[in-house]
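Colleague: Please see the structure below; I have some questions.
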Amino acid sequence: MAMRYKDLVLVYEHVRSTTKRLEKTAEIASLLRETPAEDMVKIMLLLKGELYPQWDRRELGVAARQVLKALSLSYGIPIQRIEKDWSRIGDLGSVAEKLSARKTQATLFSRSLTIEDVFSTLRKLAQMEGKGTVDRKTALLGRLLTSATPIEAKYIIRTVLEELRVGIGEGTLRDAIAWAFFPRIKGINDQGEGKGQVQLTSLEELQRHLDDRDMLLVFKEETMAREAYKQLVSKVQRALNIMTDPSLVAELAATKGWRCLDKVTFRIMRPLKVMLAQKVKDEEEGLKRVGRPCIVEYKYDGFRMQIHRDREDIRLFTRRLEEVTAQFPEVIEAVRTHTPAEQFILDAEAVGMDPKTQTYLPFQHVSQRIKRKYRIEELALRLPVEVNVFDILTYQGKSLIERPFKERRKLIERLVDGEQGKIRLSASKVVSTPEEARTFYEKSLEAGNEGIMFKNLDAPYSPGSRVGSMVKLKPVMDTLDLVIIGAEWGEGKRATWLTSFSVACRDEEGNLLGIGKVGTGIKELESEGATFQQMTDLLRPSIIEQKGREVIVKPKVVVELSFEEIQKSTSYSSGYALRFPRLRNLREDRSVEDIADLATVEDLYFSQK
């Protein structure tokens, strides 16, 4: 039986109304247990307010102005009146709900909207091209709204505008998958009815019951129960890090079971989450964390580039899983020429190069290439990149992530036939003492790099994890990657620019928490670094609410900020504020999932005392 869109909308409402993580998880898990297999992918994507996985390049391409036209078409109300409601209410989804509740037009269809109705219709919006596309999209969306109830209209519009406003983070979805398709554990996720219970006396017995999803597992000790639950959740997290798509993970768990989920591996041309490093304060701490001897490598001032090759098909992805193959033709040619193997996934850093001096350039020079769609060849000549390869994840169809780093390093030494200015191995050295590490560190800084990395020789590759087996050392003041959530229009000669930007970190659930405003480090005229005009052009399409000079924007633009100090503050939802923040870089290679979490902010706060 087709699943009703109303069932999903009710879950949106329940989840939005609570701040308790367990309640959110239980509500979503209950929905997933009731979801037919054919709707699982659609439900999981819609729970995040999405229609495609993060790494898929397709977009709806529907702006707020088109939504206004669709609302006017569907409800027979002039756009000017709708704009007034929007200005007063601040959310077009809530405006749609209000208009739908008082509409006078007769509904064409009496049957309930299904998940398939909504999902397939919205995907059609992304597929429309050619002459008259705007009008056809408006008409299609208008017809969908005409068939929707008021509460359904609200979430259809929010999904179209990619601003669901429900508060479902990846952590909640991960746990909900575990709750829905793993056996229940007494005292942790044992909500609902089951077919029985079984007593377990050891964690080793857990594996025998992974497919008994309706069974209640009772451990003799609470600590054992919690450790068992951590193991279940870690299975989901591992699959998410590799598949980078919660909808596929949920579908696999629902249809194939957990032993199949345990065996998921990388797929060429589908990016995975990269391994991340923790910070250390000096060489001594770096060696203590990763062990001696270890490998130290240059920490380049560029952006992460994941390189996938399947014979002649070569594709490039950023850390935020966006494909940038078309933007870097010189990298494609370098990979084709200098890495002769037929199939692999490489982890690397792309660094801007001065074509005349062959010296490295700061990140902001090359950042403009990540989003560029036009005059790509010209920019490639003016701002070429050198790719520095430091890891390999698959080779000739086999996963290498469980292999020790020293083995993976030897393989890329054989694989990459490097050439300066194009592609080569990251500079590295095996060290055992702080003095050796310090000498290499100073050499890296002299070359124009950010610092160095310390890596354990025997460690596996852990996708998506900020691990202790790989740490970084940098000399600059602390910086944070944060996302812009709001801004203010300037005054006087800056009246056409957004000039003050509200920024946020995230909690473990992915909820955004304000931590300050930044207006310095941004230029008025074209020069090195970001300009107010550039920031305005980036943010204007993402405005979802405006009151006076203040606007709220979709959380898409990630920035790197330096600051003098972190202070306690009641003015922001994080409980902290940045003192004298300054914009250092636009991080167009990073997503909201990459920004600093509250734990990182708290660590920095206490470490400065």
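Ligands are numbered from 1 in the order shown, residues from 1 within each chain, and chains are lettered A, B, ... in the order they appear in the structure tokens.
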Would you kindly return, as a PyMOL selection string, each protein, DNA or RNA residue with an atom no farther than 10 Å from any atom of A:Arg382, considering only C-alpha atoms and excluding same-chain residues fewer than 6 positions away?
Modeller: chain A and resi 353-356+376
Colleague: Need to verify the contact set: A:Glu386, 7 Å, only C-alpha atoms, exclusion of same-chain residues closer than 5 positions in sequence. Can you return it as a list of chain:residue names?
Modeller: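 Contacts, with the query itself left out: A:Ala350, A:Val351, A:Gly352, A:Met353, A:Gly421, A:Lys422, A:Ile423.
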Colleague: So that I can check the secondary structure, give me every residue of stretch 373-436 of chain A assigned helix (DSSP H, G or I) by backbone DSSP, as a list in words.
Modeller: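 Taking stretch 373-436 of chain A and keeping helix (DSSP H, G or I) gives Ile376, Glu377, Glu378, Leu379, Ala380, Leu381, Arg382, Phe405, Lys406, Glu407, Arg408, Arg409, Lys410, Leu411, Ile412, Glu413, Arg414, Leu415, Pro434, Glu435 and Glu436 of chain A.
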Colleague: Return the single residue from A:Met535, A:Ala228, A:Leu73, A:Ala29 that is closest to A:Val11, with distances computed using only C-alpha atoms.
Modeller: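 With only C-alpha atoms as the atom set, the closest residue is A:Ala29.
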Colleague: Please identify all polymer residues within 10 Å of A:Lys373, counting only C-alpha atoms, omitting same-chain residues fewer than 5 positions from it, and present them as a PyMOL selection string.
Modeller: chain A and resi 324+326-327
Colleague: Please list as an mmCIF file with C-alpha atoms, in the first residue's frame every residue within 9 Å of A:Asp39, counting only C-alpha atoms and excluding residues in the same chain fewer than 4 positions away.
Modeller:
```
data_model
loop_
_atom_site.group_PDB
_atom_site.id
_atom_site.type_symbol
_atom_site.label_atom_id
_atom_site.label_comp_id
_atom_site.auth_asym_id
_atom_site.auth_seq_id
_atom_site.Cartn_x
_atom_site.Cartn_y
_atom_site.Cartn_z
ATOM 1 C CA ALA A 2 1.308 3.452 -0.941
ATOM 2 C CA MET A 3 2.490 5.477 2.023
ATOM 3 C CA THR A 35 7.777 2.357 5.689
ATOM 4 C CA ILE A 43 11.340 8.814 3.139
ATOM 5 C CA MET A 44 14.965 9.072 4.273
ATOM 6 C CA ILE A 115 5.041 9.944 -0.701
ATOM 7 C CA GLU A 116 5.450 8.966 -4.360
ATOM 8 C CA GLU A 251 17.210 0.661 2.584
#
```
Colleague: Please provide the set of residues having any atom within 9 Å of stretch 436-445 of chain A, restricted to only C-alpha atoms, with same-chain residues fewer than 3 positions apart removed, written as an MDAnalysis selection string.
Modeller: chainID A and resid 282:284 287 296:300 427:433 448:452 454 473:475
Colleague: Take the residues that were just selected and, keeping N, CA and C atoms, output them as a PDB file, in the first residue's frame.
Modeller:
```pdb
ATOM      1  N   ASP A 282      51.997  21.226  20.155  1.00  0.00           N
ATOM      2  CA  ASP A 282      53.425  21.251  19.826  1.00  0.00           C
ATOM      3  C   ASP A 282      53.873  19.868  19.347  1.00  0.00           C
ATOM      4  N   GLU A 283      55.166  19.774  18.989  1.00  0.00           N
ATOM      5  CA  GLU A 283      55.717  18.533  18.444  1.00  0.00           C
ATOM      6  C   GLU A 283      55.691  17.396  19.467  1.00  0.00           C
ATOM      7  N   GLU A 284      55.945  17.720  20.707  1.00  0.00           N
ATOM      8  CA  GLU A 284      55.952  16.690  21.750  1.00  0.00           C
ATOM      9  C   GLU A 284      54.585  16.025  21.863  1.00  0.00           C
ATOM     10  N   LEU A 287      53.846  13.699  18.805  1.00  0.00           N
ATOM     11  CA  LEU A 287      54.479  12.386  18.893  1.00  0.00           C
ATOM     12  C   LEU A 287      53.823  11.511  19.950  1.00  0.00           C
ATOM     13  N   VAL A 296      55.630  12.370   9.432  1.00  0.00           N
ATOM     14  CA  VAL A 296      55.143  13.745   9.413  1.00  0.00           C
ATOM     15  C   VAL A 296      55.063  14.186   7.950  1.00  0.00           C
ATOM     16  N   GLU A 297      54.021  14.935   7.632  1.00  0.00           N
ATOM     17  CA  GLU A 297      53.794  15.400   6.265  1.00  0.00           C
ATOM     18  C   GLU A 297      53.499  16.891   6.269  1.00  0.00           C
ATOM     19  N   TYR A 298      53.752  17.523   5.153  1.00  0.00           N
ATOM     20  CA  TYR A 298      53.342  18.921   5.002  1.00  0.00           C
ATOM     21  C   TYR A 298      51.820  19.025   5.154  1.00  0.00           C
ATOM     22  N   LYS A 299      51.376  20.057   5.865  1.00  0.00           N
ATOM     23  CA  LYS A 299      49.947  20.394   5.882  1.00  0.00           C
ATOM     24  C   LYS A 299      49.763  21.574   4.936  1.00  0.00           C
ATOM     25  N   TYR A 300      49.221  21.283   3.763  1.00  0.00           N
ATOM     26  CA  TYR A 300      49.129  22.268   2.702  1.00  0.00           C
ATOM     27  C   TYR A 300      47.953  23.217   2.923  1.00  0.00           C
ATOM     28  N   ALA A 427      54.984  15.795   0.658  1.00  0.00           N
ATOM     29  CA  ALA A 427      56.311  15.737   1.283  1.00  0.00           C
ATOM     30  C   ALA A 427      56.180  15.119   2.663  1.00  0.00           C
ATOM     31  N   SER A 428      57.052  14.163   2.985  1.00  0.00           N
ATOM     32  CA  SER A 428      56.940  13.462   4.265  1.00  0.00           C
ATOM     33  C   SER A 428      58.302  13.019   4.775  1.00  0.00           C
ATOM     34  N   LYS A 429      58.310  12.625   6.051  1.00  0.00           N
ATOM     35  CA  LYS A 429      59.538  12.117   6.660  1.00  0.00           C
ATOM     36  C   LYS A 429      59.168  11.305   7.893  1.00  0.00           C
ATOM     37  N   VAL A 430      59.889  10.225   8.114  1.00  0.00           N
ATOM     38  CA  VAL A 430      59.706   9.438   9.336  1.00  0.00           C
ATOM     39  C   VAL A 430      60.566  10.063  10.428  1.00  0.00           C
ATOM     40  N   VAL A 431      59.962  10.383  11.580  1.00  0.00           N
ATOM     41  CA  VAL A 431      60.684  11.019  12.685  1.00  0.00           C
ATOM     42  C   VAL A 431      60.398  10.282  13.983  1.00  0.00           C
ATOM     43  N   SER A 432      61.303  10.486  14.937  1.00  0.00           N
ATOM     44  CA  SER A 432      61.149   9.852  16.248  1.00  0.00           C
ATOM     45  C   SER A 432      61.301  10.837  17.396  1.00  0.00           C
ATOM     46  N   THR A 433      61.803  12.042  17.113  1.00  0.00           N
ATOM     47  CA  THR A 433      62.064  13.001  18.187  1.00  0.00           C
ATOM     48  C   THR A 433      61.377  14.336  17.889  1.00  0.00           C
ATOM     49  N   GLY A 448      55.555  27.837   2.575  1.00  0.00           N
ATOM     50  CA  GLY A 448      54.257  28.481   2.430  1.00  0.00           C
ATOM     51  C   GLY A 448      53.080  27.632   2.862  1.00  0.00           C
ATOM     52  N   ASN A 449      53.338  26.562   3.632  1.00  0.00           N
ATOM     53  CA  ASN A 449      52.269  25.676   4.083  1.00  0.00           C
ATOM     54  C   ASN A 449      51.729  26.109   5.447  1.00  0.00           C
ATOM     55  N   GLU A 450      50.637  25.443   5.874  1.00  0.00           N
ATOM     56  CA  GLU A 450      49.994  25.769   7.150  1.00  0.00           C
ATOM     57  C   GLU A 450      50.713  25.163   8.342  1.00  0.00           C
ATOM     58  N   GLY A 451      51.398  24.053   8.156  1.00  0.00           N
ATOM     59  CA  GLY A 451      52.025  23.353   9.278  1.00  0.00           C
ATOM     60  C   GLY A 451      52.377  21.946   8.868  1.00  0.00           C
ATOM     61  N   ILE A 452      52.188  20.980   9.796  1.00  0.00           N
ATOM     62  CA  ILE A 452      52.483  19.585   9.477  1.00  0.00           C
ATOM     63  C   ILE A 452      51.418  18.670  10.072  1.00  0.00           C
ATOM     64  N   PHE A 454      50.935  14.719  11.744  1.00  0.00           N
ATOM     65  CA  PHE A 454      51.578  13.556  12.351  1.00  0.00           C
ATOM     66  C   PHE A 454      50.676  12.352  12.097  1.00  0.00           C
ATOM     67  N   LEU A 473      49.467  20.189  13.416  1.00  0.00           N
ATOM     68  CA  LEU A 473      50.122  21.260  14.171  1.00  0.00           C
ATOM     69  C   LEU A 473      50.235  22.484  13.276  1.00  0.00           C
ATOM     70  N   LYS A 474      49.665  23.616  13.738  1.00  0.00           N
ATOM     71  CA  LYS A 474      49.708  24.867  12.978  1.00  0.00           C
ATOM     72  C   LYS A 474      50.144  25.987  13.911  1.00  0.00           C
ATOM     73  N   PRO A 475      50.845  27.009  13.371  1.00  0.00           N
ATOM     74  CA  PRO A 475      51.336  28.090  14.221  1.00  0.00           C
ATOM     75  C   PRO A 475      50.358  29.236  14.387  1.00  0.00           C
TER      76      PRO A 475
END
```
Colleague: For the strand (DSSP E) assignment from backbone DSSP, which residues of stretch 114-283 of chain A qualify? Please present them as a list of chain:residue names.
Modeller: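 For stretch 114-283 of chain A, the strand (DSSP E) set is A:Arg184, A:Ile185, A:Gly196, A:Gln197, A:Val198, A:Gln199, A:Leu200, A:Met215, A:Leu216, A:Leu217, A:Val218, A:Phe219, A:Leu276, A:Ala277, A:Gln278, A:Lys279.
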Colleague: How about saving the chosen residues, N, CA and C atoms kept, as a PDB file, in the first residue's frame?
Modeller:
```pdb
ATOM      1  N   ARG A 184      16.047  -4.545  19.928  1.00  0.00           N
ATOM      2  CA  ARG A 184      15.948  -3.553  20.995  1.00  0.00           C
ATOM      3  C   ARG A 184      16.770  -4.001  22.204  1.00  0.00           C
ATOM      4  N   ILE A 185      17.272  -3.037  22.947  1.00  0.00           N
ATOM      5  CA  ILE A 185      18.095  -3.333  24.117  1.00  0.00           C
ATOM      6  C   ILE A 185      17.426  -2.765  25.356  1.00  0.00           C
ATOM      7  N   GLY A 196       9.288 -10.874  22.042  1.00  0.00           N
ATOM      8  CA  GLY A 196       9.855 -11.622  23.162  1.00  0.00           C
ATOM      9  C   GLY A 196      11.170 -11.038  23.585  1.00  0.00           C
ATOM     10  N   GLN A 197      11.795 -11.682  24.524  1.00  0.00           N
ATOM     11  CA  GLN A 197      13.087 -11.189  24.985  1.00  0.00           C
ATOM     12  C   GLN A 197      14.036 -12.349  25.204  1.00  0.00           C
ATOM     13  N   VAL A 198      15.348 -12.009  25.171  1.00  0.00           N
ATOM     14  CA  VAL A 198      16.370 -13.017  25.388  1.00  0.00           C
ATOM     15  C   VAL A 198      17.423 -12.437  26.324  1.00  0.00           C
ATOM     16  N   GLN A 199      17.893 -13.277  27.251  1.00  0.00           N
ATOM     17  CA  GLN A 199      18.911 -12.868  28.211  1.00  0.00           C
ATOM     18  C   GLN A 199      20.297 -13.108  27.618  1.00  0.00           C
ATOM     19  N   LEU A 200      21.177 -12.090  27.691  1.00  0.00           N
ATOM     20  CA  LEU A 200      22.547 -12.214  27.202  1.00  0.00           C
ATOM     21  C   LEU A 200      23.520 -11.969  28.346  1.00  0.00           C
ATOM     22  N   MET A 215      13.166  -8.474  18.709  1.00  0.00           N
ATOM     23  CA  MET A 215      13.502  -9.076  19.992  1.00  0.00           C
ATOM     24  C   MET A 215      14.038  -8.020  20.959  1.00  0.00           C
ATOM     25  N   LEU A 216      13.761  -8.208  22.251  1.00  0.00           N
ATOM     26  CA  LEU A 216      14.311  -7.355  23.292  1.00  0.00           C
ATOM     27  C   LEU A 216      15.481  -8.080  23.936  1.00  0.00           C
ATOM     28  N   LEU A 217      16.673  -7.489  23.840  1.00  0.00           N
ATOM     29  CA  LEU A 217      17.873  -8.087  24.421  1.00  0.00           C
ATOM     30  C   LEU A 217      18.081  -7.538  25.827  1.00  0.00           C
ATOM     31  N   VAL A 218      18.254  -8.444  26.776  1.00  0.00           N
ATOM     32  CA  VAL A 218      18.429  -8.049  28.175  1.00  0.00           C
ATOM     33  C   VAL A 218      19.822  -8.477  28.632  1.00  0.00           C
ATOM     34  N   PHE A 219      20.667  -7.504  28.940  1.00  0.00           N
ATOM     35  CA  PHE A 219      22.013  -7.789  29.430  1.00  0.00           C
ATOM     36  C   PHE A 219      22.023  -7.750  30.955  1.00  0.00           C
ATOM     37  N   LEU A 276      39.602  12.808   9.273  1.00  0.00           N
ATOM     38  CA  LEU A 276      39.952  14.143   9.737  1.00  0.00           C
ATOM     39  C   LEU A 276      40.929  14.064  10.910  1.00  0.00           C
ATOM     40  N   ALA A 277      41.625  15.172  11.150  1.00  0.00           N
ATOM     41  CA  ALA A 277      42.671  15.197  12.171  1.00  0.00           C
ATOM     42  C   ALA A 277      42.275  16.046  13.367  1.00  0.00           C
ATOM     43  N   GLN A 278      42.805  15.704  14.520  1.00  0.00           N
ATOM     44  CA  GLN A 278      42.680  16.521  15.713  1.00  0.00           C
ATOM     45  C   GLN A 278      43.877  17.462  15.805  1.00  0.00           C
ATOM     46  N   LYS A 279      43.768  18.497  16.650  1.00  0.00           N
ATOM     47  CA  LYS A 279      44.844  19.471  16.796  1.00  0.00           C
ATOM     48  C   LYS A 279      45.750  19.119  17.967  1.00  0.00           C
TER      49      LYS A 279
END
```
Colleague: Which of these residues is nearest to A:Asp175, using only C-alpha atoms: A:Arg226, A:Arg102, A:Arg259, A:Lys24?
Modeller: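 That would be A:Lys24, the residue with the smallest distance to A:Asp175.
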Colleague: Go through A:Phe303, A:Asp417, A:Gln546, A:Leu346 and flag the residue nearest A:Ser399, using only C-alpha atoms for the distances.
Modeller: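 Using only C-alpha atoms, A:Ser399 sits closest to A:Leu346.
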Colleague: Within 6 Å of A:Thr531, counting only C-alpha atoms, which residues show up once you throw out same-chain ones fewer than 5 positions away? Write them as a list in words, please.
Modeller: Ile522, Lys523 and Glu524 of chain A
Colleague: Which one of A:Val389, A:Trp55, A:Ser147, A:Asp85 sits closest to A:Leu68 if you count only C-alpha atoms?
Modeller: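 Ranking A:Val389, A:Trp55, A:Ser147, A:Asp85 by distance to A:Leu68, first place goes to A:Asp85.
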